[in-house]
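K.L.:
Provided herewith: my_file.cif, mmCIF, C-alpha atoms.
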data_query
#
loop_
_atom_site.group_PDB
_atom_site.id
_atom_site.type_symbol
_atom_site.label_atom_id
_atom_site.label_comp_id
_atom_site.auth_asym_id
_atom_site.auth_seq_id
_atom_site.Cartn_x
_atom_site.Cartn_y
_atom_site.Cartn_z
ATOM 1 C CA MET A 1141 -41.861 18.025 29.741
ATOM 2 C CA LYS A 1142 -41.126 17.218 26.094
ATOM 3 C CA TYR A 1143 -39.138 20.442 25.872
ATOM 4 C CA ILE A 1144 -36.892 19.469 28.806
ATOM 5 C CA ILE A 1145 -36.278 15.974 27.405
ATOM 6 C CA THR A 1146 -35.421 17.472 24.007
ATOM 7 C CA ILE A 1147 -32.918 19.872 25.591
ATOM 8 C CA ILE A 1148 -31.292 17.095 27.611
ATOM 9 C CA ALA A 1149 -31.032 14.785 24.578
ATOM 10 C CA THR A 1150 -29.552 17.577 22.461
ATOM 11 C CA SER A 1151 -27.026 18.446 25.188
ATOM 12 C CA VAL A 1152 -25.909 14.837 25.487
ATOM 13 C CA ALA A 1153 -25.553 14.503 21.709
ATOM 14 C CA LEU A 1154 -23.524 17.701 21.414
ATOM 15 C CA ALA A 1155 -21.283 16.821 24.357
ATOM 16 C CA SER A 1156 -20.482 13.377 22.967
ATOM 17 C CA SER A 1157 -19.733 14.715 19.485
ATOM 18 C CA ALA A 1158 -17.492 17.455 20.905
ATOM 19 C CA TYR A 1159 -15.402 14.859 22.727
ATOM 20 C CA ALA A 1160 -15.145 12.706 19.606
ATOM 21 C CA ALA A 1161 -13.918 15.670 17.545
ATOM 22 C CA SER A 1162 -10.627 15.725 19.440
ATOM 23 C CA SER A 1163 -8.030 12.975 19.410
ATOM 24 C CA ASN A 1164 -6.476 14.005 22.745
ATOM 25 C CA GLY A 1165 -6.256 11.046 25.090
ATOM 26 C CA GLN A 1166 -7.138 8.564 22.344
ATOM 27 C CA CYS A 1167 -5.148 5.438 21.637
ATOM 28 C CA VAL A 1168 -3.782 5.124 18.088
ATOM 29 C CA TYR A 1169 -1.955 2.448 16.110
ATOM 30 C CA PRO A 1170 -0.130 2.909 12.789
ATOM 31 C CA LYS A 1171 -2.063 1.850 9.701
ATOM 32 C CA THR A 1172 -0.751 -1.551 8.617
ATOM 33 C CA THR A 1173 -0.932 -4.162 5.914
ATOM 34 C CA ILE A 1174 -0.470 -7.916 6.196
ATOM 35 C CA GLN A 1175 2.511 -9.357 4.340
ATOM 36 C CA LYS A 1176 2.400 -12.717 2.521
ATOM 37 C CA ASN A 1177 4.139 -14.389 5.480
ATOM 38 C CA GLY A 1178 1.427 -13.107 7.853
ATOM 39 C CA ASN A 1179 3.490 -10.365 9.520
ATOM 40 C CA LEU A 1180 2.254 -6.801 9.871
ATOM 41 C CA SER A 1181 4.066 -3.970 8.133
ATOM 42 C CA PHE A 1182 3.468 -0.234 7.879
ATOM 43 C CA ALA A 1183 0.944 0.663 5.179
ATOM 44 C CA LYS A 1184 3.329 3.490 4.276
ATOM 45 C CA GLU A 1185 6.382 5.125 5.820
ATOM 46 C CA ILE A 1186 5.423 7.314 8.784
ATOM 47 C CA GLN A 1187 7.496 10.387 9.547
ATOM 48 C CA LEU A 1188 7.903 11.659 13.122
ATOM 49 C CA HIS A 1189 8.426 15.403 13.318
ATOM 50 C CA GLU A 1190 9.955 17.404 16.170
ATOM 51 C CA LYS A 1191 7.188 20.012 15.796
ATOM 52 C CA PRO A 1192 3.753 19.934 14.141
ATOM 53 C CA LEU A 1193 5.145 21.458 10.949
ATOM 54 C CA ALA A 1194 5.828 19.839 7.572
ATOM 55 C CA GLY A 1195 9.311 21.432 7.394
ATOM 56 C CA ALA A 1196 10.387 20.398 10.911
ATOM 57 C CA PRO A 1197 13.251 17.910 11.354
ATOM 58 C CA LYS A 1198 11.935 14.372 11.079
ATOM 59 C CA GLN A 1199 12.793 10.714 11.372
ATOM 60 C CA LYS A 1200 11.082 7.479 10.398
ATOM 61 C CA LEU A 1201 8.808 5.651 12.870
ATOM 62 C CA SER A 1202 10.291 2.197 13.313
ATOM 63 C CA THR A 1203 8.113 0.482 15.930
ATOM 64 C CA LEU A 1204 4.706 -1.057 15.341
ATOM 65 C CA SER A 1205 3.092 -0.259 18.660
ATOM 66 C CA ALA A 1206 0.203 1.656 20.156
ATOM 67 C CA PHE A 1207 0.588 5.258 21.239
ATOM 68 C CA LYS A 1208 -1.481 7.743 23.189
ATOM 69 C CA VAL A 1209 -2.305 11.141 21.685
ATOM 70 C CA SER A 1210 -1.238 13.912 24.069
ATOM 71 C CA ALA A 1211 -1.825 16.939 21.798
ATOM 72 C CA GLU A 1212 -3.194 17.820 18.384
ATOM 73 C CA ALA A 1213 -2.323 20.689 16.018
ATOM 74 C CA ASP A 1214 -2.850 21.338 12.295
ATOM 75 C CA GLY A 1215 -3.541 17.706 11.353
ATOM 76 C CA TYR A 1216 -0.631 16.407 13.438
ATOM 77 C CA ILE A 1217 -0.840 14.451 16.684
ATOM 78 C CA GLN A 1218 1.779 14.258 19.419
ATOM 79 C CA LEU A 1219 2.491 10.624 20.246
ATOM 80 C CA THR A 1220 3.458 9.390 23.701
ATOM 81 C CA THR A 1221 4.353 5.878 24.760
ATOM 82 C CA VAL A 1222 1.942 3.661 26.659
ATOM 83 C CA PRO A 1223 2.664 1.048 29.371
ATOM 84 C CA ASP A 1224 4.327 -2.123 28.103
ATOM 85 C CA TYR A 1225 2.746 -4.993 30.031
ATOM 86 C CA SER A 1226 5.259 -7.504 28.702
ATOM 87 C CA LYS A 1227 7.887 -5.932 30.999
ATOM 88 C CA PRO A 1228 8.222 -6.443 34.764
ATOM 89 C CA THR A 1229 7.588 -2.726 35.364
ATOM 90 C CA PRO A 1230 5.054 -1.735 32.670
ATOM 91 C CA GLU A 1231 4.848 1.960 33.614
ATOM 92 C CA GLU A 1232 8.615 2.499 33.364
ATOM 93 C CA GLY A 1233 8.659 3.744 29.763
ATOM 94 C CA ALA A 1234 5.126 5.124 29.597
ATOM 95 C CA GLY A 1235 4.433 8.786 28.925
ATOM 96 C CA LYS A 1236 7.553 9.607 26.918
ATOM 97 C CA ILE A 1237 6.991 11.896 23.941
ATOM 98 C CA VAL A 1238 7.837 10.158 20.665
ATOM 99 C CA GLY A 1239 7.138 13.039 18.275
ATOM 100 C CA TRP A 1240 4.496 14.512 15.995
ATOM 101 C CA ALA A 1241 2.918 12.555 13.138
ATOM 102 C CA LYS A 1242 -0.004 12.963 10.769
ATOM 103 C CA LEU A 1243 -3.293 11.738 12.181
ATOM 104 C CA ALA A 1244 -4.157 10.246 8.776
ATOM 105 C CA ASP A 1245 -1.326 7.665 9.191
ATOM 106 C CA PHE A 1246 -2.956 6.150 12.294
ATOM 107 C CA GLU A 1247 -6.119 4.309 13.272
ATOM 108 C CA LEU A 1248 -7.988 4.953 16.516
ATOM 109 C CA GLN A 1249 -7.972 1.995 18.902
ATOM 110 C CA ASP A 1250 -10.164 1.121 21.848
ATOM 111 C CA PRO A 1251 -8.481 2.092 25.136
ATOM 112 C CA ARG A 1252 -8.394 -1.579 26.164
ATOM 113 C CA ASN A 1253 -6.080 -2.261 23.181
ATOM 114 C CA CYS A 1254 -3.647 0.481 24.115
ATOM 115 C CA ASN A 1255 -0.742 -1.634 25.319
#
Would you write the structure of this file as structure tokens?

P.N.:
Amino acid sequence: MKYIITIIATSVALASSAYAASSNGQCVYPKTTIQKNGNLSFAKEIQLHEKPLAGAPKQKLSTLSAFKVSAEADGYIQLTTVPDYSKPTPEEGAGKIVGWAKLADFELQDPRNCN
């Protein structure tokens, strides 16, 4: 009986750690700092790449908002938009691919904060 309980506990632990190892489906928010006037600002400039490569064409992320991770490759995450519940039709702009960014520039958020 102890053997079966040990196997079940080990399986549960391994399954939960395997899910946590991937960022797919997670909600992320850019790392920020608080300015003297109380507003949030980017902790550092975040570059959005067209592909998960350092040499790919890029542009600067300009919006402080939550994103959903739809893919992960080589330390980069693919960001997609989430529903905006301040609009009459929240799902209208959700699911659009924004680009690829470094995972290190973002913080994981609870799914309930992904709006």

K.L.:
Smallest atom-to-atom distance to A:Glu1247: which of A:Ala1206, A:Leu1180, A:Ile1174, A:Gln1199, using all atoms listed in the file?

P.N.:
A:Ala1206

K.L.:
I'd like the neighbourhood of A:Asn1253 as a list in words, where a residue qualifies if any of its atoms comes within 10 Å (using all atoms listed in the file), though same-chain residues fewer than 6 positions away should be ignored.

P.N.:
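Once the nearby chain positions are removed, what remains is Cys1167, Val1168, Tyr1169 and Ala1206 of chain A.
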
K.L.:
Could you check the closest approach to A:Ser1163 for each of A:Lys1208, A:Lys1227, A:Lys1236, A:Arg1252 and tell me which residue wins, using only C-alpha atoms?

P.N.:
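The closest residue to A:Ser1163 is A:Lys1208.
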
K.L.:
Contacts of A:Ile1237 at 12 Å or less, counting only C-alpha atoms, minus same-chain residues fewer than 5 places along, as an NGL selection string?

P.N.:
:A and (1188-1191 or 1207-1211 or 1217-1222)

K.L.:
Would you work out the distance separating atom CA of A:Leu1204 from atom CA of A:Ser1162, expressed in Å to one decimal?

P.N.:
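Separation between atom CA of A:Leu1204 and atom CA of A:Ser1162: 23.1 Å.
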
K.L.:
Could you list the residues chosen by the PyMOL selection byres ((chain A and resi 1192) around 6) in this structure as a list in words?

P.N.:
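So the PyMOL selection byres ((chain A and resi 1192) around 6), applied here, picks out Lys1191, Leu1193, Tyr1216 and Trp1240 of chain A.
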
K.L.:
Write to file, as a PDB file, in the coordinates of the input, the residues of the selection just made, with C-alpha atoms.

P.N.:
ATOM      1  CA  LYS A1191       7.188  20.012  15.796  1.00  0.00           C
ATOM      2  CA  LEU A1193       5.145  21.458  10.949  1.00  0.00           C
ATOM      3  CA  TYR A1216      -0.631  16.407  13.438  1.00  0.00           C
ATOM      4  CA  TRP A1240       4.496  14.512  15.995  1.00  0.00           C
TER       5      TRP A1240
END

K.L.:
Work out how far apart atom CA of A:Gly1178 and atom CA of A:Pro1251 are and give it in Å to one decimal.

P.N.:
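According to the coordinates, atom CA of A:Gly1178 and atom CA of A:Pro1251 are separated by 25.1 Å.
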
K.L.:
For A:Asp1245, which residue out of A:Thr1173, A:Ser1181, A:Gln1166, A:Gln1187 is the nearest one, using only C-alpha atoms?

P.N.:
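Closest residue, counting only C-alpha atoms: A:Gln1187.
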
K.L.:
Which residue gives the smallest distance to A:Gly1165 among A:Ile1186, A:Val1238, A:Glu1212, A:Leu1243, with only C-alpha atoms counted?

P.N.:
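The answer is A:Glu1212, which sits nearest to A:Gly1165.
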
K.L.:
Could you tell me how far atom CA of A:Leu1201 lies from atom CA of A:Thr1172, in Å and to one decimal?

P.N.:
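Going from atom CA of A:Leu1201 over to atom CA of A:Thr1172 covers 12.7 Å.
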
K.L.:
Measuring atom to atom with all atoms listed in the file, identify which of A:Asn1177, A:Ala1244, A:Gly1195, A:Asp1250 is nearest to A:Gly1215.

P.N.:
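Residue with the minimum atom-to-atom distance to A:Gly1215: A:Ala1244.
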
K.L.:
From the set A:Ala1194, A:Ser1202, A:Pro1228, A:Gly1233, which residue has the shortest atom-to-atom contact distance to A:Asp1214, counting only C-alpha atoms?

P.N.:
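Closest to A:Asp1214, using only C-alpha atoms: A:Ala1194.
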